[in-house]
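Listing of final_28.cif, mmCIF, C-alpha atoms
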data_coords
#
loop_
_atom_site.group_PDB
_atom_site.id
_atom_site.type_symbol
_atom_site.label_atom_id
_atom_site.label_comp_id
_atom_site.auth_asym_id
_atom_site.auth_seq_id
_atom_site.Cartn_x
_atom_site.Cartn_y
_atom_site.Cartn_z
ATOM 1 C CA CYS K 1 38.720 27.260 -78.935
ATOM 2 C CA ALA K 2 38.839 29.846 -81.738
ATOM 3 C CA ASP K 3 40.432 33.131 -80.669
ATOM 4 C CA LYS K 4 41.070 31.857 -77.130
ATOM 5 C CA LYS K 5 44.688 33.014 -77.297
ATOM 6 C CA ILE K 6 45.425 35.465 -74.484
ATOM 7 C CA PRO K 7 47.492 38.223 -76.139
ATOM 8 C CA LEU K 8 50.742 38.993 -74.312
ATOM 9 C CA ASP K 9 53.196 41.308 -76.047
ATOM 10 C CA ASN K 10 56.872 40.517 -76.472
ATOM 11 C CA VAL K 11 59.148 42.556 -74.213
ATOM 12 C CA ASP K 12 62.780 43.624 -74.323
ATOM 13 C CA CYS K 13 64.914 40.996 -72.621
ATOM 14 C CA VAL K 14 66.183 43.451 -69.991
ATOM 15 C CA HIS K 15 62.680 43.295 -68.518
ATOM 16 C CA GLN K 16 62.006 39.651 -69.328
ATOM 17 C CA PRO K 17 58.988 38.272 -67.472
ATOM 18 C CA GLY K 18 60.554 34.868 -66.845
ATOM 19 C CA PRO K 19 62.954 32.251 -68.176
ATOM 20 C CA GLN K 20 63.280 32.037 -71.951
ATOM 21 C CA ALA K 21 63.640 28.947 -74.131
ATOM 22 C CA GLY K 22 67.282 27.947 -74.149
ATOM 23 C CA ALA K 23 68.976 26.490 -77.215
ATOM 24 C CA ASN K 24 71.701 24.237 -75.846
ATOM 25 C CA VAL K 25 70.404 20.923 -74.508
ATOM 26 C CA THR K 26 73.776 19.149 -74.629
ATOM 27 C CA LYS K 27 74.148 16.846 -71.629
ATOM 28 C CA GLY K 28 76.086 18.673 -68.904
ATOM 29 C CA PHE K 29 75.485 22.165 -70.299
ATOM 30 C CA LYS K 30 74.178 24.642 -67.721
ATOM 31 C CA GLY K 31 72.707 28.046 -68.474
ATOM 32 C CA LEU K 32 73.581 31.159 -66.504
ATOM 33 C CA LEU K 33 70.098 32.370 -65.559
ATOM 34 C CA GLU K 34 68.987 31.454 -62.051
ATOM 35 C CA VAL K 35 65.224 30.825 -61.815
ATOM 36 C CA ASP K 36 62.983 29.905 -58.906
ATOM 37 C CA VAL K 37 60.529 27.851 -60.960
ATOM 38 C CA THR K 38 61.057 24.132 -61.509
ATOM 39 C CA PRO K 39 60.047 22.338 -64.710
ATOM 40 C CA ASN K 40 57.484 19.587 -64.833
ATOM 41 C CA THR K 41 59.550 16.390 -64.918
ATOM 42 C CA LYS K 42 56.594 14.011 -65.193
ATOM 43 C CA ASN K 43 55.136 12.604 -68.377
ATOM 44 C CA TYR K 44 52.744 15.352 -69.405
ATOM 45 C CA TRP K 45 49.735 13.041 -69.384
ATOM 46 C CA GLN K 46 50.399 12.454 -65.679
ATOM 47 C CA SER K 47 49.666 16.168 -65.105
ATOM 48 C CA SER K 48 46.333 16.130 -66.981
ATOM 49 C CA MET K 49 48.013 17.773 -69.970
ATOM 50 C CA CYS K 50 47.289 16.840 -73.569
ATOM 51 C CA PRO K 51 48.863 17.791 -76.909
ATOM 52 C CA VAL K 52 46.979 20.748 -78.413
ATOM 53 C CA ASN K 53 49.006 21.203 -81.598
ATOM 54 C CA VAL K 54 51.913 19.797 -83.566
ATOM 55 C CA HIS K 55 54.271 21.749 -85.826
ATOM 56 C CA TRP K 56 57.865 21.564 -86.953
ATOM 57 C CA HIS K 57 60.886 23.583 -88.034
ATOM 58 C CA LEU K 58 63.388 23.015 -90.850
ATOM 59 C CA GLY K 59 66.615 22.303 -89.008
ATOM 60 C CA THR K 60 66.658 22.527 -85.239
ATOM 61 C CA GLU K 61 65.991 25.353 -82.811
ATOM 62 C CA HIS K 62 67.835 23.396 -80.136
ATOM 63 C CA TYR K 63 71.494 22.404 -80.127
ATOM 64 C CA SER K 64 72.958 19.093 -78.939
ATOM 65 C CA VAL K 65 76.655 18.500 -79.561
ATOM 66 C CA GLY K 66 77.263 15.424 -81.688
ATOM 67 C CA GLU K 67 73.565 14.961 -82.449
ATOM 68 C CA TYR K 68 72.261 18.155 -84.079
ATOM 69 C CA ASP K 69 74.775 20.934 -84.362
ATOM 70 C CA GLU K 70 76.859 22.926 -86.850
ATOM 71 C CA ASN K 71 78.742 19.740 -87.848
ATOM 72 C CA GLY K 72 75.652 17.891 -89.076
ATOM 73 C CA SER K 73 74.666 17.734 -92.725
ATOM 74 C CA GLY K 74 71.768 17.424 -95.138
ATOM 75 C CA PRO K 75 70.841 17.931 -98.778
ATOM 76 C CA ASN K 76 70.817 21.707 -98.249
ATOM 77 C CA GLY K 77 73.906 21.972 -96.073
ATOM 78 C CA ASN K 78 73.951 23.340 -92.535
ATOM 79 C CA VAL K 79 74.335 26.509 -90.515
ATOM 80 C CA GLU K 80 77.787 27.447 -89.248
ATOM 81 C CA VAL K 81 77.349 29.384 -86.018
ATOM 82 C CA PRO K 82 76.186 27.678 -82.807
ATOM 83 C CA TYR K 83 73.197 29.079 -80.887
ATOM 84 C CA ARG K 84 71.856 31.047 -83.848
ATOM 85 C CA ARG K 85 69.256 30.237 -86.498
ATOM 86 C CA LYS K 86 69.303 32.238 -89.716
ATOM 87 C CA LEU K 87 67.107 32.679 -92.734
ATOM 88 C CA ALA K 88 67.456 30.140 -95.502
ATOM 89 C CA GLU K 89 66.597 30.979 -99.092
ATOM 90 C CA GLY K 90 63.104 32.366 -99.309
ATOM 91 C CA GLU K 91 61.180 32.873 -96.099
ATOM 92 C CA VAL K 92 61.996 29.651 -94.243
ATOM 93 C CA GLN K 93 64.097 30.010 -91.106
ATOM 94 C CA ASP K 94 66.956 27.556 -91.062
ATOM 95 C CA GLY K 95 68.448 25.515 -88.209
ATOM 96 C CA PHE K 96 71.046 22.903 -87.296
ATOM 97 C CA ARG K 97 71.255 19.446 -88.873
ATOM 98 C CA CYS K 98 71.658 15.903 -87.586
ATOM 99 C CA HIS K 99 74.569 13.605 -88.394
ATOM 100 C CA HIS K 100 72.670 10.785 -90.113
ATOM 101 C CA TYR K 101 72.653 12.082 -93.689
ATOM 102 C CA ASP K 102 74.690 10.077 -96.216
ATOM 103 C CA GLU K 103 74.473 11.185 -99.844
ATOM 104 C CA ASN K 104 75.621 7.699 -100.919
ATOM 105 C CA ASP K 105 72.729 5.954 -99.155
ATOM 106 C CA GLU K 106 69.547 6.104 -101.210
ATOM 107 C CA LYS K 107 67.227 6.151 -98.203
ATOM 108 C CA PHE K 108 68.446 9.734 -97.675
ATOM 109 C CA THR K 109 68.212 10.761 -101.334
ATOM 110 C CA ARG K 110 65.420 8.782 -103.035
ATOM 111 C CA PRO K 111 62.439 11.149 -103.520
ATOM 112 C CA TYR K 112 59.212 10.336 -101.743
ATOM 113 C CA GLU K 113 55.819 10.935 -103.297
ATOM 114 C CA TRP K 114 54.222 13.190 -100.694
ATOM 115 C CA LYS K 115 50.437 12.999 -100.605
ATOM 116 C CA HIS K 116 49.640 15.252 -97.655
ATOM 117 C CA CYS K 117 52.728 17.177 -96.471
ATOM 118 C CA LYS K 118 54.041 20.121 -98.468
ATOM 119 C CA GLY K 119 57.612 21.302 -98.855
ATOM 120 C CA MET K 120 59.181 18.351 -97.046
ATOM 121 C CA VAL K 121 62.523 16.930 -98.196
ATOM 122 C CA VAL K 122 63.947 13.446 -97.685
ATOM 123 C CA GLY K 123 67.315 13.633 -95.911
ATOM 124 C CA GLU K 124 66.499 16.891 -94.127
ATOM 125 C CA THR K 125 66.398 17.493 -90.383
ATOM 126 C CA TYR K 126 63.200 18.674 -88.710
ATOM 127 C CA GLU K 127 62.489 19.610 -85.101
ATOM 128 C CA VAL K 128 58.936 18.689 -84.112
ATOM 129 C CA HIS K 129 57.106 20.466 -81.275
ATOM 130 C CA TRP K 130 54.025 19.230 -79.451
ATOM 131 C CA PRO K 131 52.621 22.010 -77.208
ATOM 132 C CA HIS K 132 50.710 20.546 -74.256
ATOM 133 C CA SER K 133 48.262 22.176 -71.863
ATOM 134 C CA ALA K 134 46.107 21.218 -68.909
ATOM 135 C CA ALA K 135 43.688 23.932 -70.084
ATOM 136 C CA GLY K 136 43.270 22.388 -73.518
ATOM 137 C CA ALA K 137 40.081 20.808 -74.832
ATOM 138 C CA CYS K 138 41.544 17.428 -73.954
ATOM 139 C CA GLY K 139 39.698 14.384 -75.247
ATOM 140 C CA THR K 140 37.328 16.393 -77.450
ATOM 141 C CA ALA K 141 37.088 17.114 -81.159
ATOM 142 C CA ASN K 142 38.575 20.547 -80.449
ATOM 143 C CA GLN K 143 41.762 19.309 -78.799
ATOM 144 C CA TYR K 144 44.108 20.196 -81.673
ATOM 145 C CA GLN K 145 44.238 23.871 -82.598
ATOM 146 C CA THR K 146 46.103 26.265 -84.870
ATOM 147 C CA PRO K 147 47.480 28.631 -83.747
ATOM 148 C CA PHE K 148 48.602 26.498 -80.822
ATOM 149 C CA TYR K 149 47.892 29.333 -78.375
ATOM 150 C CA ASP K 150 44.164 28.748 -78.959
ATOM 151 C CA GLY K 151 44.652 25.188 -77.794
ATOM 152 C CA VAL K 152 46.806 26.137 -74.812
ATOM 153 C CA PHE K 153 44.277 28.685 -73.510
ATOM 154 C CA CYS K 154 41.053 26.993 -74.646
ATOM 155 C CA ASN K 155 39.659 26.612 -71.113
ATOM 156 C CA LEU K 156 41.543 29.482 -69.468
ATOM 157 C CA ASP K 157 40.683 33.191 -69.455
ATOM 158 C CA LEU K 158 42.853 36.184 -68.566
ATOM 159 C CA GLU K 159 41.200 36.698 -65.187
ATOM 160 C CA THR K 160 42.005 33.147 -64.133
ATOM 161 C CA LEU K 161 45.500 33.305 -65.635
ATOM 162 C CA GLN K 162 46.293 36.333 -63.471
ATOM 163 C CA THR K 163 45.541 34.305 -60.334
ATOM 164 C CA LEU K 164 48.094 31.629 -61.193
ATOM 165 C CA ALA K 165 51.608 31.582 -59.784
ATOM 166 C CA PRO K 166 54.508 31.046 -62.201
ATOM 167 C CA GLN K 167 54.976 27.538 -60.834
ATOM 168 C CA ASP K 168 51.329 26.725 -61.558
ATOM 169 C CA ILE K 169 51.856 27.640 -65.211
ATOM 170 C CA ALA K 170 55.154 25.767 -65.600
ATOM 171 C CA SER K 171 53.476 22.669 -64.164
ATOM 172 C CA ALA K 172 50.478 22.873 -66.504
ATOM 173 C CA VAL K 173 51.880 24.050 -69.861
ATOM 174 C CA GLY K 174 54.774 22.442 -71.697
ATOM 175 C CA VAL K 175 56.275 21.474 -75.019
ATOM 176 C CA GLN K 176 57.756 18.194 -76.181
ATOM 177 C CA GLY K 177 60.561 18.541 -78.731
ATOM 178 C CA GLN K 178 62.008 15.710 -80.818
ATOM 179 C CA ILE K 179 64.399 15.859 -83.752
ATOM 180 C CA PHE K 180 64.282 13.685 -86.853
ATOM 181 C CA THR K 181 66.083 13.072 -90.124
ATOM 182 C CA ILE K 182 63.579 11.964 -92.768
ATOM 183 C CA VAL K 183 64.409 8.778 -94.679
ATOM 184 C CA ASN K 184 62.614 7.017 -97.506
ATOM 185 C CA ASP K 185 62.523 3.707 -95.644
ATOM 186 C CA ASP K 186 59.371 2.324 -94.037
ATOM 187 C CA SER K 187 61.319 0.311 -91.484
ATOM 188 C CA TYR K 188 61.406 3.644 -89.629
ATOM 189 C CA TYR K 189 57.627 4.082 -89.714
ATOM 190 C CA TYR K 190 55.760 5.384 -86.657
ATOM 191 C CA PRO K 191 51.999 5.842 -87.200
ATOM 192 C CA ASP K 192 50.870 8.197 -84.423
ATOM 193 C CA LEU K 193 53.083 11.287 -84.419
ATOM 194 C CA ILE K 194 50.050 13.503 -83.842
ATOM 195 C CA ARG K 195 49.733 12.098 -80.310
ATOM 196 C CA GLY K 196 53.211 13.165 -79.188
ATOM 197 C CA TRP K 197 56.825 12.195 -79.388
ATOM 198 C CA VAL K 198 58.028 8.662 -80.001
ATOM 199 C CA VAL K 199 59.112 6.673 -76.952
ATOM 200 C CA ASP K 200 60.946 3.500 -77.962
ATOM 201 C CA ALA K 201 63.568 2.217 -75.541
ATOM 202 C CA GLU K 202 64.984 -0.292 -78.035
ATOM 203 C CA MET K 203 65.641 2.507 -80.549
ATOM 204 C CA GLY K 204 66.748 4.996 -77.893
ATOM 205 C CA MET K 205 63.864 7.345 -78.666
ATOM 206 C CA GLY K 206 62.487 9.545 -75.903
ATOM 207 C CA GLN K 207 65.095 8.277 -73.433
ATOM 208 C CA ASP K 208 67.736 11.014 -73.031
ATOM 209 C CA ILE K 209 65.650 14.080 -72.243
ATOM 210 C CA ALA K 210 66.652 17.648 -71.367
ATOM 211 C CA ILE K 211 64.026 19.259 -69.117
ATOM 212 C CA TYR K 212 64.025 22.967 -68.332
ATOM 213 C CA THR K 213 61.804 25.981 -67.770
ATOM 214 C CA GLY K 214 61.601 28.384 -70.688
ATOM 215 C CA SER K 215 59.107 30.201 -72.888
ATOM 216 C CA THR K 216 57.405 29.960 -76.231
ATOM 217 C CA THR K 217 59.647 30.491 -79.255
ATOM 218 C CA GLY K 218 59.213 31.902 -82.746
ATOM 219 C CA GLU K 219 60.752 34.215 -85.295
ATOM 220 C CA SER K 220 59.567 37.319 -83.411
ATOM 221 C CA ARG K 221 61.869 36.471 -80.481
ATOM 222 C CA SER K 222 65.636 36.841 -80.217
ATOM 223 C CA ASN K 223 68.351 37.550 -77.665
ATOM 224 C CA GLU K 224 66.988 41.099 -77.484
ATOM 225 C CA ILE K 225 63.211 40.524 -77.718
ATOM 226 C CA CYS K 226 61.745 38.009 -75.264
ATOM 227 C CA SER K 227 58.476 36.118 -74.980
ATOM 228 C CA SER K 228 55.952 36.974 -72.270
ATOM 229 C CA TYR K 229 54.575 33.427 -72.455
ATOM 230 C CA SER K 230 56.765 32.225 -69.599
ATOM 231 C CA PRO K 231 57.463 30.119 -67.643
ATOM 232 C CA ILE K 232 56.556 26.861 -69.349
ATOM 233 C CA THR K 233 58.228 23.462 -69.286
ATOM 234 C CA TRP K 234 60.330 22.174 -72.163
ATOM 235 C CA GLN K 235 61.158 18.489 -72.544
ATOM 236 C CA VAL K 236 63.567 17.952 -75.456
ATOM 237 C CA ASP K 237 65.063 14.707 -76.743
ATOM 238 C CA ARG K 238 68.841 15.186 -76.925
ATOM 239 C CA LYS K 239 69.186 12.536 -79.637
ATOM 240 C CA CYS K 240 68.359 12.753 -83.338
ATOM 241 C CA HIS K 241 66.374 9.900 -84.851
ATOM 242 C CA MET K 242 65.644 8.647 -88.324
ATOM 243 C CA ILE K 243 61.976 8.502 -89.268
ATOM 244 C CA SER K 244 60.230 7.530 -92.486
ATOM 245 C CA ALA K 245 58.746 10.077 -94.843
ATOM 246 C CA SER K 246 55.537 8.046 -94.657
ATOM 247 C CA SER K 247 55.368 8.765 -90.901
ATOM 248 C CA PHE K 248 55.284 12.492 -91.588
ATOM 249 C CA ASP K 249 52.796 12.058 -94.429
ATOM 250 C CA LYS K 250 50.509 10.144 -92.036
ATOM 251 C CA LEU K 251 50.914 12.995 -89.528
ATOM 252 C CA CYS K 252 49.924 15.555 -92.157
ATOM 253 C CA TYR K 253 46.897 13.429 -93.045
ATOM 254 C CA ASP K 254 45.866 13.254 -89.382
ATOM 255 C CA MET K 255 46.246 17.036 -89.077
ATOM 256 C CA LYS K 256 43.963 17.536 -92.071
ATOM 257 C CA MET K 257 41.337 15.373 -90.363
ATOM 258 C CA GLN K 258 41.084 17.641 -87.296
ATOM 259 C CA ARG K 259 38.090 19.936 -86.830
ATOM 260 C CA ASP K 260 40.320 23.013 -86.697
ATOM 261 C CA ASP K 261 42.267 23.994 -89.805
ATOM 262 C CA MET K 262 45.811 22.878 -89.014
#
Here is a file; write its structure as structure tokens.
Amino acid sequence: CADKKIPLDNVDCVHQPGPQAGANVTKGFKGLLEVDVTPNTKNYWQSSMCPVNVHWHLGTEHYSVGEYDENGSGPNGNVEVPYRRKLAEGEVQDGFRCHHYDENDEKFTRPYEWKHCKGMVVGETYEVHWPHSAAGACGTANQYQTPFYDGVFCNLDLETLQTLAPQDIASAVGVQGQIFTIVNDDSYYYPDLIRGWVVDAEMGMGQDIAIYTGSTTGESRSNEICSSYSPITWQVDRKCHMISASSFDKLCYDMKMQRDDM
């Protein structure tokens, strides 16, 4: 799947090619852009889609009032303005925080000895994305790819892409998004994060989902510069969940075991 990414340039948002990834997934919130493409509301595996990558962001790209917003907290504070992510110290782009953090509870403050992940912090909020594609190398040693575009387009060329209607793409390419606060407590251990988000009815995980059509995201896009990789489906968990540091370390180990350099 190396170099299978189909290059599509960003465009100014006045001439946007399709719906863009929205930030606010608060229950009841409705965006203003009318689109004629419907998102894929099925479990992705029911549409022959598989995860082709996993990556995460410090703080959240999405915004859910009372769950991850400007009123959340963490060991490095929070951002103040809704709907906008800004640069933290250094070159890491910051985002919103969950409401779980308690500086007086040691599971949020006790350091964890990371063996595989780098730069992770106990008590911090992370938004995890699992890009999925029906054109991925599903079920093979090449399924997981970095950059994720290589995985999305592994079995799809430009000529074929140009024959697809927007609805075809939105039904076959999507992203799962789930938000976590990392704790140093193995009672919150989940062993298979590389396979996709956690669905656990008892813990309320993967139950309250916002589903919409949008685009790929990234630091090169803004309210003025839009992504041409549109439309795709987004399925985002509106709730924030605690997860053990060991769960992420296991994920990083699994990523290191893939054929592609993740």
Within 7 Å of segment 94-112 of chain K, which residues of segment 163-218 of chain K come that close, and what is the closest atom pair and distance in Å for each? Count all atoms listed in the file and give it as a tab-separated table.
residue	atom	partner	partner_atom	distance
K:Thr181	CA	K:Cys98	CA	6.7
K:Val183	CA	K:Phe108	CA	5.1
K:Asn184	CA	K:Lys107	CA	4.7
K:Asp185	CA	K:Lys107	CA	5.9
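When the PyMOL selection byres ((chain K and resi 5) around 12) is run on the displayed coordinates, the residues it returns are K:Cys1, K:Ala2, K:Asp3, K:Lys4, K:Ile6, K:Pro7, K:Leu8, K:Asp9, K:Ala135, K:Gly136, K:Gln145, K:Thr146, K:Pro147, K:Phe148, K:Tyr149, K:Asp150, K:Gly151, K:Val152, K:Phe153, K:Cys154, K:Asn155, K:Leu156, K:Asp157, K:Leu158, K:Leu161, K:Tyr229.
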> Which one of K:Ile211, K:Leu32, K:Ile194, K:Ala170 sits closest to Cys50 of chain K if you count only C-alpha atoms?
Replying inline: K:Ile194
>> Just checking: using only C-alpha atoms, which residue out of K:Gln167, K:Thr213, K:Tyr126, K:Glu159 ends up closest to Ile243 of chain K?
In response: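 Comparing K:Gln167, K:Thr213, K:Tyr126, K:Glu159 against Ile243 of chain K, the winner is K:Tyr126.
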>> For the provided coordinates, the residues matched by the PyMOL selection byres ((chain K and resi 241) around 12) should be stated as a ChimeraX atom specification.
In response: /K:67-68,97-101,123-128,178-183,188-190,197-200,203-208,237-240,242-244
> Expressed in Å to a single decimal, how great is the separation between atom CA of Ser48 of chain K and atom CA of Cys138 of chain K?
Replying inline: 8.6 Å
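Counting from atom CA of Ser64 of chain K, the distance to atom CA of Val25 of chain K is 5.4 Å.
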> Rounded to one decimal in Å, what is the spacing between atom CA of Met262 of chain K and atom CA of Val52 of chain K?
Replying inline: 10.9 Å
>> Quick check on the file I pasted: which residues fall under the PyMOL selection byres ((chain K and resi 69) around 10)? Write them as a PyMOL selection string.
In response: chain K and resi 24+26+59-68+70-73+78-83+95-99
